Structure formats: structure tokens, C-alpha cells
Amino acid sequence: MKFLWDSAIGLLVVTGGLLGMTLPFGKLASAVGVPAMVWAFVISLGAGGVLSLALLLRGERVRLTPHKLRYFFITAAISYAIPNLLMFSAIPHLGAGYTGIMFTLSPVVTLVFSILLGVRRPNLLGVVGIAVGFVGAVMVAFTRGEAGQPADYFWVAIGLLIPVSLAAGNIYRTVDWPEGTGPIELAVGSHLASATLLLIGILTLLGWHAFAPLAGVPLVVIAQVASASAMFAFFFRLQAVGGPVYLSQIGYVAAAVGLFAGTLFLGEHYQLLTWAGAAIITAGVFITTKAQSQVSVKAQRQAA
């Protein structure tokens, strides 16, 4: 266990794998009628609750300020509530594997937002990576989900909004990170804020009866909460060991897990063009990650 805790590649595989398991778990939940909003609530409440307990056991607590409250609720909306709601709504129409591919676009979209907002200026390699990722995304979008079951373009568009929301969250968390606050405290506050927003939405739009289908998949609920909580624990350790550039690669580990889990265990089938597009997107992400690494090294040298 100590070897895993200190291994960047081991942490990357475990974190990305746990993230990827959210996709088949979500499909199993939707199969018994669990609404997308309810399943997103399960993840936020479960992860927030377990992490808050871990925080208390360490003798720490969430200290509220106006800045933190703003950060919690904006992060909750664009990083957790909205992308999870989009993801679990799209999975029944696109398949777990196809939806997982959308995760791989997040680093590329993040870099595009960075350019537009002036947060980071890409080098030539970064531009090439964006172009390659875009080509792969077009190929994947063209296949429209599982083979022989083309989804409506509306659901393809919903799927493509997932990396857009995640990328917006990446930029916001970087720009507005409260000074002197640790990542676990921010994760606890953001997840509990997300659970609050989702609960309000569930009670307003669906009512208490929306929780009833959860009784049909108790083991999946337990597995999802455990997976999400462990994922965030390893996530922060990976950030400490590997750094943010290395951390960004969990998206395509998660996509690979989603694709293979959907194919092997959920009976999903995808066209060769989907697999080819996924490979091209992965190549684009590798290129943009390399570009970000070069920019970071250059900045460190200039600072030195």
C-alpha cells in the first residue's frame, strides 16, 4: 500500500479507474429507474460525507467565509452537479463507454478556455494538440453512440457539454482558489454544496418519491459511494506526487475503463470509428499535456 501511495503511475491508474467506474455504476442505476439528478446527489453526498468525516478525524474542520461559500457553490455547480447530471442523463442514450470518451476532451477544452481568457498562452505544440483532439472528437460525435443504435444529435451535444463544464470548473478553481485553504476542505465544502443544490432540484422537480428506485440497487449505491470517496482521496495524493499536469491524464484512464467496462460487462458495442476517434483524442491529450509540461518547465527556468 505504501508503494502505491508513493507511486505516481499507480495512483494515476487507481484514480482514473475509480473515476471510470462511475460510468457503469451510473448505467446500472439508470436501468432500474434512478433519475440522473438523484444519482448525482448520491455521489456528492457520499463523497462529501466520507471526506468530511476524514477531515474531522484529522482534527480539522471546514471554516466558512463569504469567499469560501461563493467558491463552494460555484464549484459545486460547474464541477460536480452539472457535469454529473449531464453524464447520467446521457449514459442511457449514448452508452457508458461512449459517454466516458467525453472525459478525454476536458484537458483540451481547458486549454482552449485558458487561451480565450488569457490564463495561459499555448505554444505551437499545444495548438497541434487541440487540433488533433478536435479531429478525434468529430469522429466520435459522428458515430453517435453504440453501434446499430445511433443516438439523437441532441444527446451527442449533451455529452459534449460534459468536458465544457469540467473545463470551466478547472479554470474557475484555479482562478478563485481561497488562499490558505487545503484541497480536502474545499472538496468537502464543494461536494456538500453540490448535494444541497441537487436536493433542492430533486424536491422541486421530482419529489421525495424519486429516491425510491435506490432501494433496488443498494449494493451499487454502496459501491458508488465507496468508489467516489476513495477516488478523491487518491486524487489529492496524486496531485501531491505527480503534479497538476500528470493529474490531468486521469480523464483518458477513466474513458478506457468506461469503454471496456461497457463492452465487457454491459453488452455495449461500438464502431471501429469510435475506437479510432478515442485513440486520436488520447493522442491529442498527450500532446497538450506535453505542451503544458514544456510551458511549466520554461516558467520555472525563467523564475529561477
# chains A, B, ... in the order shown; residues from 1 in each chain; ligands from 1

call {"tool": "select_by_dssp", "arguments": {"residues": "segment 73-290 of chain A", "states": "alpha helix (DSSP H)", "output": "PyMOL selection string"}}
result
chain A and resi 73-75+82-94+96-101+106-117+124-143+153-175+183-205+218-247+250-265+272-290

call {"tool": "atom_distance", "arguments": {"atom1": "atom CA of Leu166 of chain A", "atom2": "atom CA of Leu206 of chain A"}}
result
25.5 Å

call {"tool": "closest_atom_pairs", "arguments": {"of": "segment 70-169 of chain A", "to": "segment 23-39 of chain A", "cutoff": "6 Å", "atoms": "only C-alpha atoms", "output": "tab-separated table"}}
result
residue	atom	partner	partner_atom	distance
A:Leu85	CA	A:Met37	CA	5.6
A:Phe88	CA	A:Ala36	CA	4.9
A:Ser89	CA	A:Ala36	CA	5.4
A:Ala96	CA	A:Leu23	CA	5.2

call {"tool": "write_last_selection", "arguments": {"atoms": "C-alpha atoms", "output": "mmCIF file, in the first residue's frame"}}
result
data_model
loop_
_atom_site.group_PDB
_atom_site.id
_atom_site.type_symbol
_atom_site.label_atom_id
_atom_site.label_comp_id
_atom_site.auth_asym_id
_atom_site.auth_seq_id
_atom_site.Cartn_x
_atom_site.Cartn_y
_atom_site.Cartn_z
ATOM 1 C CA LEU A 85 -26.313 15.489 -14.254
ATOM 2 C CA PHE A 88 -26.037 10.328 -16.057
ATOM 3 C CA SER A 89 -28.692 11.780 -18.370
ATOM 4 C CA ALA A 96 -21.291 4.207 -20.637
#

call {"tool": "residues_around", "arguments": {"residues": "segment 228-231 of chain A", "least_positions_apart": "6", "cutoff": "9 Å", "atoms": "only C-alpha atoms", "output": "MDAnalysis selection string"}}
result
chainID A and resid 14:19 21:22 43:44 46:51

call {"tool": "atom_distance", "arguments": {"atom1": "atom CA of Leu12 of chain A", "atom2": "atom CA of Val253 of chain A"}}
result
7.9 Å

call {"tool": "atom_distance", "arguments": {"atom1": "atom CA of Gly126 of chain A", "atom2": "atom CA of Thr104 of chain A"}}
result
15.4 Å

call {"tool": "closest_residue", "arguments": {"among": "A:Pro92, A:Pro66, A:Leu124, A:Ala76", "to": "Ala291 of chain A", "atoms": "only C-alpha atoms"}}
result
A:Leu124

call {"tool": "decode", "arguments": {"residues": "segment 124-207 of chain A", "atoms": "C-alpha atoms", "output": "PDB file, in the first residue's frame"}}
result
ATOM      1  CA  LEU A 124       2.817  25.527 -31.105  1.00  0.00           C
ATOM      2  CA  LEU A 125       2.653  22.002 -29.666  1.00  0.00           C
ATOM      3  CA  GLY A 126      -0.403  22.998 -27.618  1.00  0.00           C
ATOM      4  CA  VAL A 127      -2.185  24.244 -30.727  1.00  0.00           C
ATOM      5  CA  VAL A 128      -1.376  20.963 -32.517  1.00  0.00           C
ATOM      6  CA  GLY A 129      -2.781  19.000 -29.574  1.00  0.00           C
ATOM      7  CA  ILE A 130      -6.022  20.988 -29.654  1.00  0.00           C
ATOM      8  CA  ALA A 131      -6.388  20.371 -33.388  1.00  0.00           C
ATOM      9  CA  VAL A 132      -5.743  16.622 -33.040  1.00  0.00           C
ATOM     10  CA  GLY A 133      -8.207  16.336 -30.146  1.00  0.00           C
ATOM     11  CA  PHE A 134     -10.840  18.201 -32.157  1.00  0.00           C
ATOM     12  CA  VAL A 135     -10.466  15.798 -35.099  1.00  0.00           C
ATOM     13  CA  GLY A 136     -10.955  12.840 -32.761  1.00  0.00           C
ATOM     14  CA  ALA A 137     -13.997  14.474 -31.172  1.00  0.00           C
ATOM     15  CA  VAL A 138     -15.605  14.982 -34.590  1.00  0.00           C
ATOM     16  CA  MET A 139     -15.030  11.312 -35.433  1.00  0.00           C
ATOM     17  CA  VAL A 140     -16.549  10.141 -32.141  1.00  0.00           C
ATOM     18  CA  ALA A 141     -19.519  12.521 -32.405  1.00  0.00           C
ATOM     19  CA  PHE A 142     -20.219  11.260 -35.942  1.00  0.00           C
ATOM     20  CA  THR A 143     -20.708   7.669 -34.692  1.00  0.00           C
ATOM     21  CA  ARG A 144     -23.463   8.831 -32.268  1.00  0.00           C
ATOM     22  CA  GLY A 145     -23.139   6.204 -29.546  1.00  0.00           C
ATOM     23  CA  GLU A 146     -23.379   2.424 -29.700  1.00  0.00           C
ATOM     24  CA  ALA A 147     -23.105   0.524 -32.984  1.00  0.00           C
ATOM     25  CA  GLY A 148     -26.503  -0.073 -34.576  1.00  0.00           C
ATOM     26  CA  GLN A 149     -28.184   2.274 -32.077  1.00  0.00           C
ATOM     27  CA  PRO A 150     -27.352   5.815 -33.235  1.00  0.00           C
ATOM     28  CA  ALA A 151     -28.444   8.360 -30.665  1.00  0.00           C
ATOM     29  CA  ASP A 152     -30.162  11.629 -31.441  1.00  0.00           C
ATOM     30  CA  TYR A 153     -27.746  14.501 -32.046  1.00  0.00           C
ATOM     31  CA  PHE A 154     -29.306  16.224 -29.038  1.00  0.00           C
ATOM     32  CA  TRP A 155     -27.783  13.597 -26.711  1.00  0.00           C
ATOM     33  CA  VAL A 156     -24.440  13.814 -28.502  1.00  0.00           C
ATOM     34  CA  ALA A 157     -24.497  17.566 -27.817  1.00  0.00           C
ATOM     35  CA  ILE A 158     -25.376  16.895 -24.172  1.00  0.00           C
ATOM     36  CA  GLY A 159     -22.384  14.557 -23.956  1.00  0.00           C
ATOM     37  CA  LEU A 160     -20.079  17.183 -25.460  1.00  0.00           C
ATOM     38  CA  LEU A 161     -21.198  19.672 -22.805  1.00  0.00           C
ATOM     39  CA  ILE A 162     -19.620  17.452 -20.113  1.00  0.00           C
ATOM     40  CA  PRO A 163     -15.993  18.400 -20.887  1.00  0.00           C
ATOM     41  CA  VAL A 164     -17.066  22.039 -21.360  1.00  0.00           C
ATOM     42  CA  SER A 165     -18.485  22.138 -17.818  1.00  0.00           C
ATOM     43  CA  LEU A 166     -15.473  20.284 -16.391  1.00  0.00           C
ATOM     44  CA  ALA A 167     -13.081  22.656 -18.156  1.00  0.00           C
ATOM     45  CA  ALA A 168     -14.950  25.699 -16.830  1.00  0.00           C
ATOM     46  CA  GLY A 169     -14.594  24.199 -13.356  1.00  0.00           C
ATOM     47  CA  ASN A 170     -10.856  23.650 -13.852  1.00  0.00           C
ATOM     48  CA  ILE A 171     -10.358  27.297 -14.764  1.00  0.00           C
ATOM     49  CA  TYR A 172     -12.585  28.650 -12.002  1.00  0.00           C
ATOM     50  CA  ARG A 173     -10.980  26.548  -9.247  1.00  0.00           C
ATOM     51  CA  THR A 174      -7.550  27.799 -10.288  1.00  0.00           C
ATOM     52  CA  VAL A 175      -8.528  31.474 -10.540  1.00  0.00           C
ATOM     53  CA  ASP A 176     -10.627  31.722  -7.361  1.00  0.00           C
ATOM     54  CA  TRP A 177      -8.903  29.211  -5.020  1.00  0.00           C
ATOM     55  CA  PRO A 178      -9.245  30.636  -1.462  1.00  0.00           C
ATOM     56  CA  GLU A 179      -5.798  31.464  -0.112  1.00  0.00           C
ATOM     57  CA  GLY A 180      -4.539  29.281   2.725  1.00  0.00           C
ATOM     58  CA  THR A 181      -7.192  26.576   2.226  1.00  0.00           C
ATOM     59  CA  GLY A 182      -6.368  22.910   1.684  1.00  0.00           C
ATOM     60  CA  PRO A 183      -7.833  20.854  -1.176  1.00  0.00           C
ATOM     61  CA  ILE A 184      -9.689  18.384   1.076  1.00  0.00           C
ATOM     62  CA  GLU A 185     -11.524  21.192   2.876  1.00  0.00           C
ATOM     63  CA  LEU A 186     -12.531  22.650  -0.481  1.00  0.00           C
ATOM     64  CA  ALA A 187     -13.616  19.225  -1.762  1.00  0.00           C
ATOM     65  CA  VAL A 188     -15.797  18.663   1.330  1.00  0.00           C
ATOM     66  CA  GLY A 189     -17.438  22.074   1.078  1.00  0.00           C
ATOM     67  CA  SER A 190     -17.970  21.826  -2.684  1.00  0.00           C
ATOM     68  CA  HIS A 191     -19.450  18.321  -2.568  1.00  0.00           C
ATOM     69  CA  LEU A 192     -21.831  19.176   0.273  1.00  0.00           C
ATOM     70  CA  ALA A 193     -22.842  22.355  -1.590  1.00  0.00           C
ATOM     71  CA  SER A 194     -23.453  20.229  -4.697  1.00  0.00           C
ATOM     72  CA  ALA A 195     -25.596  17.817  -2.665  1.00  0.00           C
ATOM     73  CA  THR A 196     -27.596  20.775  -1.347  1.00  0.00           C
ATOM     74  CA  LEU A 197     -28.233  22.176  -4.837  1.00  0.00           C
ATOM     75  CA  LEU A 198     -29.203  18.770  -6.194  1.00  0.00           C
ATOM     76  CA  LEU A 199     -31.512  18.036  -3.244  1.00  0.00           C
ATOM     77  CA  ILE A 200     -33.347  21.320  -3.830  1.00  0.00           C
ATOM     78  CA  GLY A 201     -33.696  20.428  -7.511  1.00  0.00           C
ATOM     79  CA  ILE A 202     -34.926  16.898  -6.744  1.00  0.00           C
ATOM     80  CA  LEU A 203     -37.547  18.040  -4.237  1.00  0.00           C
ATOM     81  CA  THR A 204     -38.703  20.874  -6.501  1.00  0.00           C
ATOM     82  CA  LEU A 205     -38.901  18.925  -9.765  1.00  0.00           C
ATOM     83  CA  LEU A 206     -39.301  15.276  -8.780  1.00  0.00           C
ATOM     84  CA  GLY A 207     -40.390  14.966  -5.140  1.00  0.00           C
TER      85      GLY A 207
END
